[in-house]
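Colleague: Encoded as structure tokens, here's the structure I'll be asking about.
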Amino acid sequence: MKKVRTQLMLCGGTGCHSTGTPAVREALEKEIEQQGLSEEVQVVETGCNGFCAVGPVMLVQPDGIFYQKLDPKDIPYLVEEHFLKGRPVKKFFYKEPDSKETIPGMNDIPFFAHQQLRVMRNKGLIDPEVIDDYIARDGYFGAAKALQEMTPEQIVEEVKTSQIRGRGGAGFPTGIKWEFASKSPGDVKYVLCNADEGDPGAFMDRSILEADPHAVVEGMIIAARAINAHKGYIYARTEYPLAIRRLNIAITQAKEYGLLGKDILGTGFDFEIEIYEGAGAFVCGEETALMRSIEGKRGMPRPRPPFPAHKGLWEKPTILNNVETLANIPQIILNGGSWYASVGTETSKGTKVFALSGDIYNIGLLEVPMGISLRTVIYDIGGGIPKKKKFKAVQLGGPSGGCIPEQHLDTPVDYEEITKVGAIMGSGGMIVMDENTCMVDMARFFMDFIQDESCGKCTPCREGTRRLLQILEKICDGKGEPSDLESLDKLSAIIKDSALCGLGLTAPNPVLSTLRYFRDEYEAHIYEKRCPAKRCAALLKFEVDPELCTKCGACFRHCPTEAVIWKKKEIAVIDKEKCIKCMTCFEKCKFGSIF
Amino acid sequence: MAKLTIQDLKKIKEGASKEMSLRDEAGKVKVTVHMGTCGIAAGARDVMASLMEEMGETDRKDIRVVASGCMGMCSSEPNVTIEIEGEKPIIYQHIDRNKMRQVFKRHVLMGEVQTDFALAKM
Ligand SMILES: Cc1cc2nc3c(=O)[nH]c(=O)nc-3n(C[C@H](O)[C@H](O)[C@H](O)COP(=O)(O)O)c2cc1C
């Protein structure tokens, strides 16, 4: 059998795709050919590596050398130097943001060093479009074990032992959910996978599907066996074309191998999976709305009970699990529930994938053991806050979640502990905000999202979120009144009590958590007509502080309406008649002299 | 494609993991071909090709082949270094296709140092 000496694991996740993987791949293959290295060096396109901030990235094996920010025009040099002459090229090594020190080995880079990979164990190691790659890494051995050696009761028991909780946000124990559905009477049952992922700033599920689609398929086969279902659906949003493409390939390959369809692995068990593409409405991620949507109806939630485990899709017993939850299942079956539960805290076991974004150096995807502190995630893995700015808060759980300020950064990643400080674990979106973020504006952003996505079925959510938004807009506009704070509190409490589904029930959370920790910012907006973070344009004077102005002229050069009056060696002045308050000068001024 | 049984699944795993073994970094034996400009001029590409042919014939998954730069001993090129875990690295000099084949079969696979071609123990 022919062997190659070097494999180039080129990241083919959505992030790196958009920063240039296809062109880099083409350049690599062309140059490898030209240097006559085709027999020795092979390019393998993998799923998301996680370190999207520095893409396109590539790991060279067996050397373990990590290259970042690859550019097609540098590829000929790289191929000749490293793959022909064996001299790794420093120019593309990772650089520490502050010390500028270069680090060649992937596992020495702090971003990777603190992670613990379970769900993402195959990321960057397999070609997600090649089923044999997955099988080589023990793929489908969990399903084989479940189908051949275990009874449905034993599968449920193993998942209960693992104590895994749903990764889609609510954190419901998966084993218990499966037990309900398995005991529900009925011949026809369904297994659903929730790949709707609608939280702003979240891309965990997309990356798992892109990097390791077979893990989700295998998880569904095991779930189906546990409750005796023969049909499954993956509900994925149309905006995830690459994930859907790879899922389709995975399903086709699994069918060819007889891992889906009739008589799987000769065990007599039948199961098939269909992909249902959702149009991207946030509410369709809610379980009852998701099922309506698959039925071809308008995606709107309904009251529970009855719970889906008794009456779900087409009124049949159904389980719905999140992508990440399902991707954990094969390893739980293969290695045992107690293996899974060996990592984590008392009530939160295993690992959690987070999508780190916002004001942070290392934007990307990471997987950490439960119990790790938020500080470690943000400073050690995330590399801290750029431009020497101060940390202000981290938002967890997207529009249903809340923000956590500096004083609670030592909170461990744990469902209960995070709830205690006013946020939720959520599905894994983690947005870091620096001192220049206005917390009222942040609450306004999420409320705008929520009222837009509210399906309109129940009044508290439809009308209540709109009212909340109006009040927040008023405050940001400098028209806030003292009674507004009370109205926000009161309205939030009513919505939380009376909305129909999770969307409305959690909608006030961003308002409540910012009120809890940053009430002073609300007050500054209302009483002093001042935005402490200088984000709300209506509250800025658009004047230049002569003490701080360095006379550099950056504001003058960038102003789109020629409202800045400036000459060399003179302090800038803004003509308020011409100024449209677009904030350009404010953003371009490096010295904070515009207020 | 015929439907798989669990036995087939195991076979696929074995076949595919051979191809993928490169991606787990650890390997017990490291064969380094020094491919500086001087090494290439002296025939290191040929040496590499013959090494890769040998690699294709063995089932061993713990051998890593690495190209590296010039060692600074250009007159003795092509050079090849063999590092076996727990043993001192051996540098071979003036290697050609045939010598490479011999070093691979004898030293890498069977552990017998080929002193005739060795330059030094490091
Ligand atoms: C408005 C709303 C949106 C939701 N969106 C998602 C989503 O995108 N993905 C997801 O897995 N769960 C989402 N959920 C949670 C699901 O309703 C459900 O709890 C989850 O898919 C169950 O799977 P798990 O137990 O594995 O987490 C959403 C819930 C609500 C109320």
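Letters A, B, ... go to the chains of the structure tokens in the order shown; residues in each chain start at 1; ligands are counted from 1 in the same order.
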Which residues are close to region 94-103 of chain B, i.e. within 12 Å by only C-alpha atoms, leaving aside same-chain residues fewer than 2 positions away? Reply as number ranges by chain.
Modeller: B: 31-34, 38-40, 42-55, 57, 73-82, 90-92, 105-119
Colleague: Counting only C-alpha atoms, which residues of chain B come no farther than 8 Å from chain A, as a ChimeraX atom specification?
Modeller: /B:1-6,9,12-17,19-20,22-26,34-37,52-53,55-57,64-69
Colleague: Would you mind exporting N, CA and C atoms of the selected residues as a short mmCIF file (atom, residue, chain, number, x, y, z; two decimals), in the first residue's frame?
Modeller:
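Output (out_33.cif):
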data_model
loop_
_atom_site.label_atom_id
_atom_site.label_comp_id
_atom_site.auth_asym_id
_atom_site.auth_seq_id
_atom_site.Cartn_x
_atom_site.Cartn_y
_atom_site.Cartn_z
N MET B 1 -22.31 -1.26 -3.13
CA MET B 1 -21.57 -1.57 -1.88
C MET B 1 -22.38 -2.52 -1.03
N ALA B 2 -21.76 -3.60 -0.62
CA ALA B 2 -22.47 -4.57 0.21
C ALA B 2 -22.63 -4.03 1.62
N LYS B 3 -23.65 -4.52 2.28
CA LYS B 3 -23.89 -4.06 3.65
C LYS B 3 -22.84 -4.61 4.60
N LEU B 4 -22.50 -3.81 5.57
CA LEU B 4 -21.44 -4.19 6.49
C LEU B 4 -21.96 -5.06 7.62
N THR B 5 -21.07 -5.92 8.10
CA THR B 5 -21.31 -6.57 9.38
C THR B 5 -20.31 -5.94 10.35
N ILE B 6 -20.39 -6.34 11.59
CA ILE B 6 -19.48 -5.74 12.56
C ILE B 6 -18.03 -6.14 12.25
N LEU B 9 -16.72 -3.78 9.75
CA LEU B 9 -16.45 -2.48 10.37
C LEU B 9 -15.04 -2.50 10.94
N ILE B 12 -12.45 -2.25 8.12
CA ILE B 12 -12.33 -0.88 7.60
C ILE B 12 -11.52 -0.04 8.56
N LYS B 13 -11.77 -0.23 9.83
CA LYS B 13 -11.06 0.55 10.84
C LYS B 13 -9.56 0.30 10.71
N GLU B 14 -9.19 -0.97 10.58
CA GLU B 14 -7.76 -1.26 10.51
C GLU B 14 -7.11 -0.66 9.28
N GLY B 15 -7.79 -0.84 8.15
CA GLY B 15 -7.25 -0.31 6.90
C GLY B 15 -7.09 1.19 6.97
N ALA B 16 -8.14 1.85 7.40
CA ALA B 16 -8.12 3.31 7.37
C ALA B 16 -7.19 3.87 8.42
N SER B 17 -7.07 3.20 9.56
CA SER B 17 -6.23 3.81 10.59
C SER B 17 -4.76 3.72 10.20
N GLU B 19 -3.66 4.44 7.24
CA GLU B 19 -3.46 5.66 6.47
C GLU B 19 -3.44 6.89 7.36
N MET B 20 -4.18 6.81 8.47
CA MET B 20 -4.33 8.00 9.31
C MET B 20 -3.35 8.08 10.45
N LEU B 22 -0.44 8.82 10.69
CA LEU B 22 0.39 10.02 10.68
C LEU B 22 -0.17 11.13 11.55
N ARG B 23 -1.51 11.12 11.69
CA ARG B 23 -2.16 12.26 12.33
C ARG B 23 -2.10 12.19 13.85
N ASP B 24 -1.75 11.02 14.39
CA ASP B 24 -1.48 10.99 15.84
C ASP B 24 0.01 11.24 15.91
N GLU B 25 0.38 12.25 16.65
CA GLU B 25 1.76 12.68 16.51
C GLU B 25 2.82 11.66 16.92
N ALA B 26 2.53 10.88 17.96
CA ALA B 26 3.58 10.00 18.46
C ALA B 26 3.97 8.93 17.45
N HIS B 34 17.67 14.63 5.25
CA HIS B 34 18.11 16.02 5.25
C HIS B 34 18.06 16.55 3.82
N MET B 35 17.14 17.50 3.64
CA MET B 35 16.83 17.93 2.28
C MET B 35 17.19 19.39 2.06
N GLY B 36 18.33 19.81 2.54
CA GLY B 36 18.78 21.15 2.19
C GLY B 36 19.10 21.19 0.70
N THR B 37 19.41 22.35 0.20
CA THR B 37 19.75 22.48 -1.22
C THR B 37 20.88 21.51 -1.59
N MET B 52 10.08 6.07 0.76
CA MET B 52 8.62 6.00 0.71
C MET B 52 8.14 4.68 0.12
N GLU B 53 8.92 4.14 -0.83
CA GLU B 53 8.55 2.82 -1.36
C GLU B 53 8.60 1.78 -0.24
N MET B 55 8.33 2.35 2.93
CA MET B 55 7.25 2.63 3.89
C MET B 55 5.94 1.99 3.43
N GLY B 56 5.72 2.04 2.11
CA GLY B 56 4.49 1.49 1.56
C GLY B 56 4.39 -0.01 1.76
N GLU B 57 5.53 -0.67 1.94
CA GLU B 57 5.50 -2.13 2.05
C GLU B 57 5.33 -2.63 3.48
N ARG B 64 7.74 7.50 11.44
CA ARG B 64 7.46 8.81 10.86
C ARG B 64 8.60 9.21 9.94
N VAL B 65 8.26 9.73 8.78
CA VAL B 65 9.28 10.21 7.86
C VAL B 65 9.23 11.74 7.85
N VAL B 66 10.38 12.33 8.03
CA VAL B 66 10.43 13.78 8.11
C VAL B 66 11.50 14.31 7.16
N ALA B 67 11.15 15.37 6.46
CA ALA B 67 12.18 16.05 5.68
C ALA B 67 12.70 17.17 6.56
N SER B 68 14.00 17.36 6.59
CA SER B 68 14.46 18.50 7.38
C SER B 68 15.59 19.19 6.65
N GLY B 69 16.00 20.28 7.21
CA GLY B 69 17.01 21.10 6.53
C GLY B 69 18.40 20.49 6.60
#
Colleague: Could you pull out the helix (DSSP H, G or I) residues of chain B, going by DSSP on the backbone, and write them as a PyMOL selection string?
Modeller: chain B and resi 6-23+37-41+44-57+74-76+97-108
Colleague: Please identify all protein, DNA and RNA residues within 9 Å of ligand 1, counting only C-alpha atoms and all ligand atoms, and report them as an MDAnalysis selection string.
Modeller: chainID A and resid 165:174 177 192:199 205 236 281:290 301 319:326 399:400 426:427 450 453:454 501:507
Colleague: What does the distance between CA of Thr21 (chain A) and CA of Lys18 (chain B) come to in Å, to one decimal place?
Modeller: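 If I compute the distance from CA of Thr21 (chain A) to CA of Lys18 (chain B), I get 26.7 Å.
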